[in-house]
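Raw contents of run-v8.csv, CSV, C-alpha atoms:
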chain,number,residue,atom,x,y,z
A,1,GLY,CA,27.8,-4.5,29.2
A,2,TRP,CA,29.1,-3.2,32.5
A,3,ILE,CA,31.3,-0.8,30.7
A,4,ALA,CA,29.6,-0.3,27.4
A,5,ASN,CA,26.0,0.4,28.7
A,6,PRO,CA,27.0,3.4,30.9
A,7,LEU,CA,29.2,4.8,28.1
A,8,GLN,CA,26.4,4.5,25.6
A,9,LYS,CA,24.2,6.6,27.9
A,10,VAL,CA,26.8,9.3,28.1
A,11,VAL,CA,27.0,9.2,24.2
A,12,SER,CA,23.2,9.6,23.9
A,13,ALA,CA,23.2,12.4,26.5
A,14,ALA,CA,26.0,14.2,24.6
A,15,ARG,CA,24.0,14.1,21.4
A,16,ALA,CA,20.9,15.4,23.2
A,17,LEU,CA,22.9,18.5,24.2
A,18,GLY,CA,23.0,19.6,20.6
A,19,VAL,CA,19.1,19.8,20.4
A,20,PRO,CA,18.0,23.3,21.5
A,21,SER,CA,14.6,22.2,22.8
A,22,ALA,CA,15.9,19.1,24.7
A,23,GLU,CA,16.4,19.4,28.5
A,24,ALA,CA,19.0,16.7,29.1
A,25,LYS,CA,18.8,14.9,32.4
A,26,PRO,CA,21.9,13.8,34.4
A,27,VAL,CA,23.2,10.4,33.4
A,28,ASP,CA,23.0,7.7,36.0
A,29,VAL,CA,26.4,7.0,37.5
A,30,ALA,CA,27.3,3.3,36.9
A,31,GLY,CA,30.0,0.9,35.8
A,32,PRO,CA,33.7,0.9,36.6
A,33,ARG,CA,35.3,3.7,38.7
A,34,GLU,CA,36.8,5.3,35.6
A,35,VAL,CA,33.4,5.3,33.8
A,36,GLN,CA,31.8,6.8,36.9
A,37,GLN,CA,34.4,9.6,36.9
A,38,LEU,CA,33.7,10.3,33.3
A,39,THR,CA,29.9,10.3,33.9
A,40,ARG,CA,30.2,12.7,36.8
A,41,ALA,CA,32.5,15.0,34.7
A,42,PHE,CA,30.0,14.9,31.8
A,43,ASN,CA,27.0,15.7,34.1
A,44,SER,CA,28.9,18.7,35.5
A,45,MET,CA,29.8,19.9,32.0
A,46,ALA,CA,26.2,19.4,30.8
A,47,ALA,CA,24.8,21.4,33.7
A,48,ARG,CA,27.1,24.3,32.8
A,49,VAL,CA,26.2,24.1,29.1
A,50,GLN,CA,22.5,24.2,29.9
A,51,ALA,CA,22.9,27.1,32.3
A,52,SER,CA,24.8,29.0,29.7
A,53,GLN,CA,22.1,28.3,27.1
A,54,ARG,CA,19.3,29.4,29.5
A,55,SER,CA,21.3,32.6,30.2
A,56,GLN,CA,21.7,33.3,26.5
A,57,ARG,CA,18.0,32.9,25.8
A,58,GLU,CA,17.1,35.2,28.7
A,59,PHE,CA,19.8,37.7,27.6
A,60,VAL,CA,18.4,37.8,24.1
A,61,ALA,CA,14.8,38.2,25.4
A,62,ASN,CA,15.9,41.1,27.7
A,63,VAL,CA,17.9,42.9,25.0
A,64,SER,CA,14.9,42.6,22.6
A,65,HIS,CA,12.7,44.1,25.3
A,66,GLU,CA,15.1,46.9,26.1
A,67,MET,CA,15.6,47.8,22.4
A,68,LYS,CA,11.9,47.8,21.7
A,69,THR,CA,11.1,51.0,23.7
A,70,PRO,CA,13.7,53.4,22.2
A,71,LEU,CA,13.0,52.0,18.7
A,72,THR,CA,9.3,52.7,19.1
A,73,SER,CA,10.1,56.3,20.2
A,74,ILE,CA,12.5,56.9,17.4
A,75,GLN,CA,10.0,55.6,14.8
A,76,GLY,CA,7.1,57.5,16.2
A,77,PHE,CA,8.8,60.9,16.4
A,78,ALA,CA,10.5,60.4,13.0
A,79,GLN,CA,7.0,59.7,11.6
A,80,ALA,CA,5.7,62.9,13.2
A,81,ILE,CA,8.4,64.9,11.4
A,82,LEU,CA,7.8,63.1,8.0
A,83,ASP,CA,4.0,63.4,8.0
A,84,GLY,CA,3.9,66.9,9.2
A,85,THR,CA,2.3,66.2,12.6
A,86,ALA,CA,5.3,68.0,14.2
A,87,ASP,CA,4.4,71.2,12.4
A,88,THR,CA,6.1,73.8,14.5
A,89,ASP,CA,9.7,74.6,15.2
A,90,VAL,CA,9.2,73.7,18.9
A,91,SER,CA,7.6,70.3,18.2
A,92,ARG,CA,10.2,69.4,15.5
A,93,ALA,CA,13.0,70.3,18.0
A,94,GLN,CA,11.3,68.2,20.6
A,95,ALA,CA,11.0,65.3,18.2
A,96,ALA,CA,14.6,65.6,17.2
A,97,GLN,CA,15.7,65.8,20.8
A,98,VAL,CA,13.8,62.6,21.7
A,99,ILE,CA,15.3,60.8,18.6
A,100,TYR,CA,18.8,62.0,19.7
A,101,ASN,CA,18.3,60.8,23.3
A,102,GLU,CA,16.9,57.4,22.4
A,103,ALA,CA,19.7,56.9,19.8
A,104,GLY,CA,22.2,57.6,22.5
A,105,ARG,CA,20.5,55.2,24.8
A,106,MET,CA,20.7,52.5,22.1
A,107,HIS,CA,24.3,53.3,21.5
A,108,ARG,CA,25.1,52.7,25.2
A,109,MET,CA,23.2,49.4,25.1
A,110,VAL,CA,25.3,48.3,22.1
A,111,LEU,CA,28.5,49.2,23.9
A,112,ASN,CA,27.4,47.2,26.9
A,113,LEU,CA,26.6,44.3,24.7
A,114,LEU,CA,30.1,44.5,23.2
A,115,ASP,CA,31.6,44.5,26.7
A,116,LEU,CA,29.6,41.4,27.6
A,117,ALA,CA,30.7,39.7,24.5
A,118,ARG,CA,34.4,40.4,25.2
A,119,LEU,CA,34.0,39.2,28.8
A,120,ASP,CA,32.3,36.0,27.6
A,121,ALA,CA,35.0,35.4,25.1
A,122,GLY,CA,37.8,36.2,27.6
A,123,THR,CA,39.2,39.0,25.5
A,124,ALA,CA,38.1,41.9,27.7
A,125,ASP,CA,41.0,44.3,28.6
A,126,LEU,CA,40.7,44.2,32.4
A,127,LYS,CA,42.9,46.7,34.3
A,128,MET,CA,43.4,44.9,37.6
A,129,SER,CA,44.6,46.9,40.6
A,130,PRO,CA,44.0,47.2,44.4
A,131,MET,CA,40.8,49.2,45.0
A,132,ASN,CA,38.7,50.3,48.0
A,133,MET,CA,35.3,48.6,47.7
A,134,GLY,CA,33.8,50.9,50.4
A,135,ALA,CA,34.8,54.0,48.5
A,136,LEU,CA,33.3,52.5,45.3
A,137,LEU,CA,30.0,51.7,46.8
A,138,ASN,CA,29.7,55.2,48.4
A,139,ALA,CA,30.5,56.8,45.1
A,140,VAL,CA,27.8,54.8,43.3
A,141,ALA,CA,25.3,55.7,46.0
A,142,GLU,CA,26.2,59.4,45.8
A,143,LYS,CA,25.8,59.4,42.1
A,144,PHE,CA,22.2,58.2,42.4
A,145,THR,CA,21.3,60.7,45.2
A,146,PRO,CA,19.1,62.9,42.9
A,147,GLN,CA,17.3,59.9,41.5
A,148,SER,CA,16.7,58.4,45.0
A,149,GLN,CA,15.4,61.7,46.3
A,150,ARG,CA,13.1,62.0,43.4
A,151,THR,CA,11.6,58.5,43.7
A,152,GLY,CA,11.6,58.4,47.5
A,153,VAL,CA,13.8,55.3,47.6
A,154,ARG,CA,16.6,55.4,50.2
A,155,ILE,CA,20.1,54.0,49.3
A,156,GLU,CA,22.0,52.4,52.2
A,157,VAL,CA,25.7,51.4,52.2
A,158,GLY,CA,27.1,49.2,54.9
A,159,MET,CA,30.5,47.7,55.4
A,160,PRO,CA,32.7,46.5,58.3
A,161,PRO,CA,35.6,48.7,59.5
A,162,ASN,CA,39.1,48.1,58.1
A,163,LEU,CA,37.8,46.4,55.0
A,164,PRO,CA,40.9,45.3,53.0
A,165,LEU,CA,41.5,46.3,49.4
A,166,VAL,CA,40.4,44.0,46.7
A,167,VAL,CA,42.1,43.4,43.3
A,168,ALA,CA,39.7,44.2,40.5
A,169,ASP,CA,39.0,46.5,37.5
A,170,GLY,CA,37.6,49.6,39.2
A,171,ASP,CA,35.8,50.9,36.1
A,172,ARG,CA,34.1,47.6,35.4
A,173,MET,CA,33.1,47.2,39.0
A,174,ALA,CA,31.6,50.7,39.0
A,175,GLN,CA,29.8,49.8,35.8
A,176,VAL,CA,28.3,46.6,37.4
A,177,PHE,CA,27.1,48.4,40.6
A,178,THR,CA,25.8,51.4,38.6
A,179,ASN,CA,23.6,49.1,36.5
A,180,LEU,CA,22.4,47.2,39.5
A,181,VAL,CA,21.5,50.3,41.5
A,182,ASP,CA,19.8,51.9,38.5
A,183,ASN,CA,17.6,48.8,38.0
A,184,ALA,CA,16.9,48.6,41.7
A,185,LEU,CA,15.7,52.2,41.9
A,186,LYS,CA,13.5,51.7,38.9
A,187,PHE,CA,11.7,48.7,40.4
A,188,THR,CA,11.6,49.6,44.1
A,189,PRO,CA,8.4,51.4,45.2
A,190,GLY,CA,8.5,54.7,46.9
A,191,GLY,CA,9.6,54.5,50.6
A,192,GLY,CA,11.7,51.4,49.9
A,193,VAL,CA,15.4,50.8,50.5
A,194,VAL,CA,18.2,49.8,48.2
A,195,SER,CA,20.9,48.3,50.3
A,196,MET,CA,24.6,47.7,49.3
A,197,LYS,CA,26.8,45.8,51.7
A,198,ALA,CA,30.5,44.8,51.6
A,199,MET,CA,31.7,42.1,53.9
A,200,MET,CA,34.5,39.6,54.3
A,201,ASP,CA,33.8,35.9,53.7
A,202,ASP,CA,36.3,33.6,55.5
A,203,ASP,CA,35.4,30.8,53.2
A,204,VAL,CA,36.6,32.7,50.1
A,205,HIS,CA,40.4,32.4,49.4
Mind turning the file's structure into structure tokens?
Amino acid sequence: GWIANPLQKVVSAARALGVPSAEAKPVDVAGPREVQQLTRAFNSMAARVQASQRSQREFVANVSHEMKTPLTSIQGFAQAILDGTADTDVSRAQAAQVIYNEAGRMHRMVLNLLDLARLDAGTADLKMSPMNMGALLNAVAEKFTPQSQRTGVRIEVGMPPNLPLVVADGDRMAQVFTNLVDNALKFTPGGGVVSMKAMMDDDVH
């Protein structure tokens, strides 16, 4: 019982991981040292699995929300062309331009989804090389200068002097910070500040 009972709890918890609606709780650590080690390892794995499942659910919900707006625009303006509501050359050209722009937006979303899928699967083609993090952040901030001036949101970049180079994929890093700053500008009220800072962490090796 000292060995079998804790193992049976691990087995039951493992089966519960396969139920989407179940929120598995950590298994109590008990029994011999080897069984305790197994239980701790299982609890750690279960926590990662649940975090991944939550992330996937949130991701699907966010994608559905983001796709809804361009699809609604495309359907609405296509309907205007079909039913004759867009009855002038100017209005038809405007409808076609909106459809073209929203289709391009959806295309970019799909490409981002493919990138995320490759990263998740470990098959992304990352081009790792030394890069200047400060230069990257300044370039991202400069790219959003027109948008920040239009919305009244200031972008600040801070970093210590003599920041060493980091080894990373520069294009992917630029993509990450571009998305972050774009979202930050959208949801920061006028007069606010979007701040990007680079720093050294002595605890990271």
query: Which one is closest to Leu7 of chain A: A:Val35, A:Ala93, A:Leu180, A:Val157? Count only C-alpha atoms.
result: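 Result for the nearest residue to Leu7 of chain A: A:Val35.
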- prompt: Quick one: distance from atom CA of Val153 of chain A to atom CA of Val193 of chain A in Å, one decimal?
  reply: 5.6 Å
- prompt: If you count only C-alpha atoms, which residues fall within 9 Å of segment 168-174 of chain A, apart from same-chain ones fewer than 4 positions away, as a list in words?
  reply: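 Residues near the query, excluding close chain neighbours: Leu126, Lys127, Met128, Ser129, Pro130, Met131, Asn132, Met133, Leu136, Leu137, Ala139, Val140, Thr178 and Asn179 of chain A.
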- prompt: So, counting all atoms listed in the file, which residue among A:Ala95, A:Val10, A:Val49, A:Ala80 is closest to Gln37 of chain A?
  reply: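 Selected residue with least distance to Gln37 of chain A: A:Val10.
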query: Which of these, A:Gly152, A:Ala24, A:Gly192, A:Phe144, has the shortest distance to Phe177 of chain A once you count all atoms listed in the file?
result: A:Phe144
List the neighbours of Pro6 of chain A out to 8 Å using only C-alpha atoms; skip same-chain residues closer than 5 positions along the sequence, and give me the result as an mmCIF file with C-alpha atoms, keeping the file's coordinate frame.
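Output below, filename around36.cif:
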data_model
loop_
_atom_site.group_PDB
_atom_site.id
_atom_site.type_symbol
_atom_site.label_atom_id
_atom_site.label_comp_id
_atom_site.auth_asym_id
_atom_site.auth_seq_id
_atom_site.Cartn_x
_atom_site.Cartn_y
_atom_site.Cartn_z
ATOM 1 C CA ASP A 28 23.000 7.700 36.000
ATOM 2 C CA VAL A 29 26.400 7.000 37.500
ATOM 3 C CA ALA A 30 27.300 3.300 36.900
ATOM 4 C CA GLY A 31 30.000 0.900 35.800
ATOM 5 C CA VAL A 35 33.400 5.300 33.800
#
task: Would you work out the distance separating atom CA of Thr85 of chain A from atom CA of Pro70 of chain A, expressed in Å to one decimal?
output: 19.6 Å
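Pairwise distance (atom CA of Asn43 of chain A, atom CA of Ile3 of chain A) equals 17.4 Å.
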- prompt: Which residues, written as a list in words, have at least one atom at most 10 Å from Lys25 of chain A, with all atoms listed in the file counted and residues fewer than 2 positions away on the same chain left out?
  reply: Ala13, Ala16, Leu17, Ala22, Glu23, Val27, Asp28, Asn43, Ala46 and Ala47 of chain A
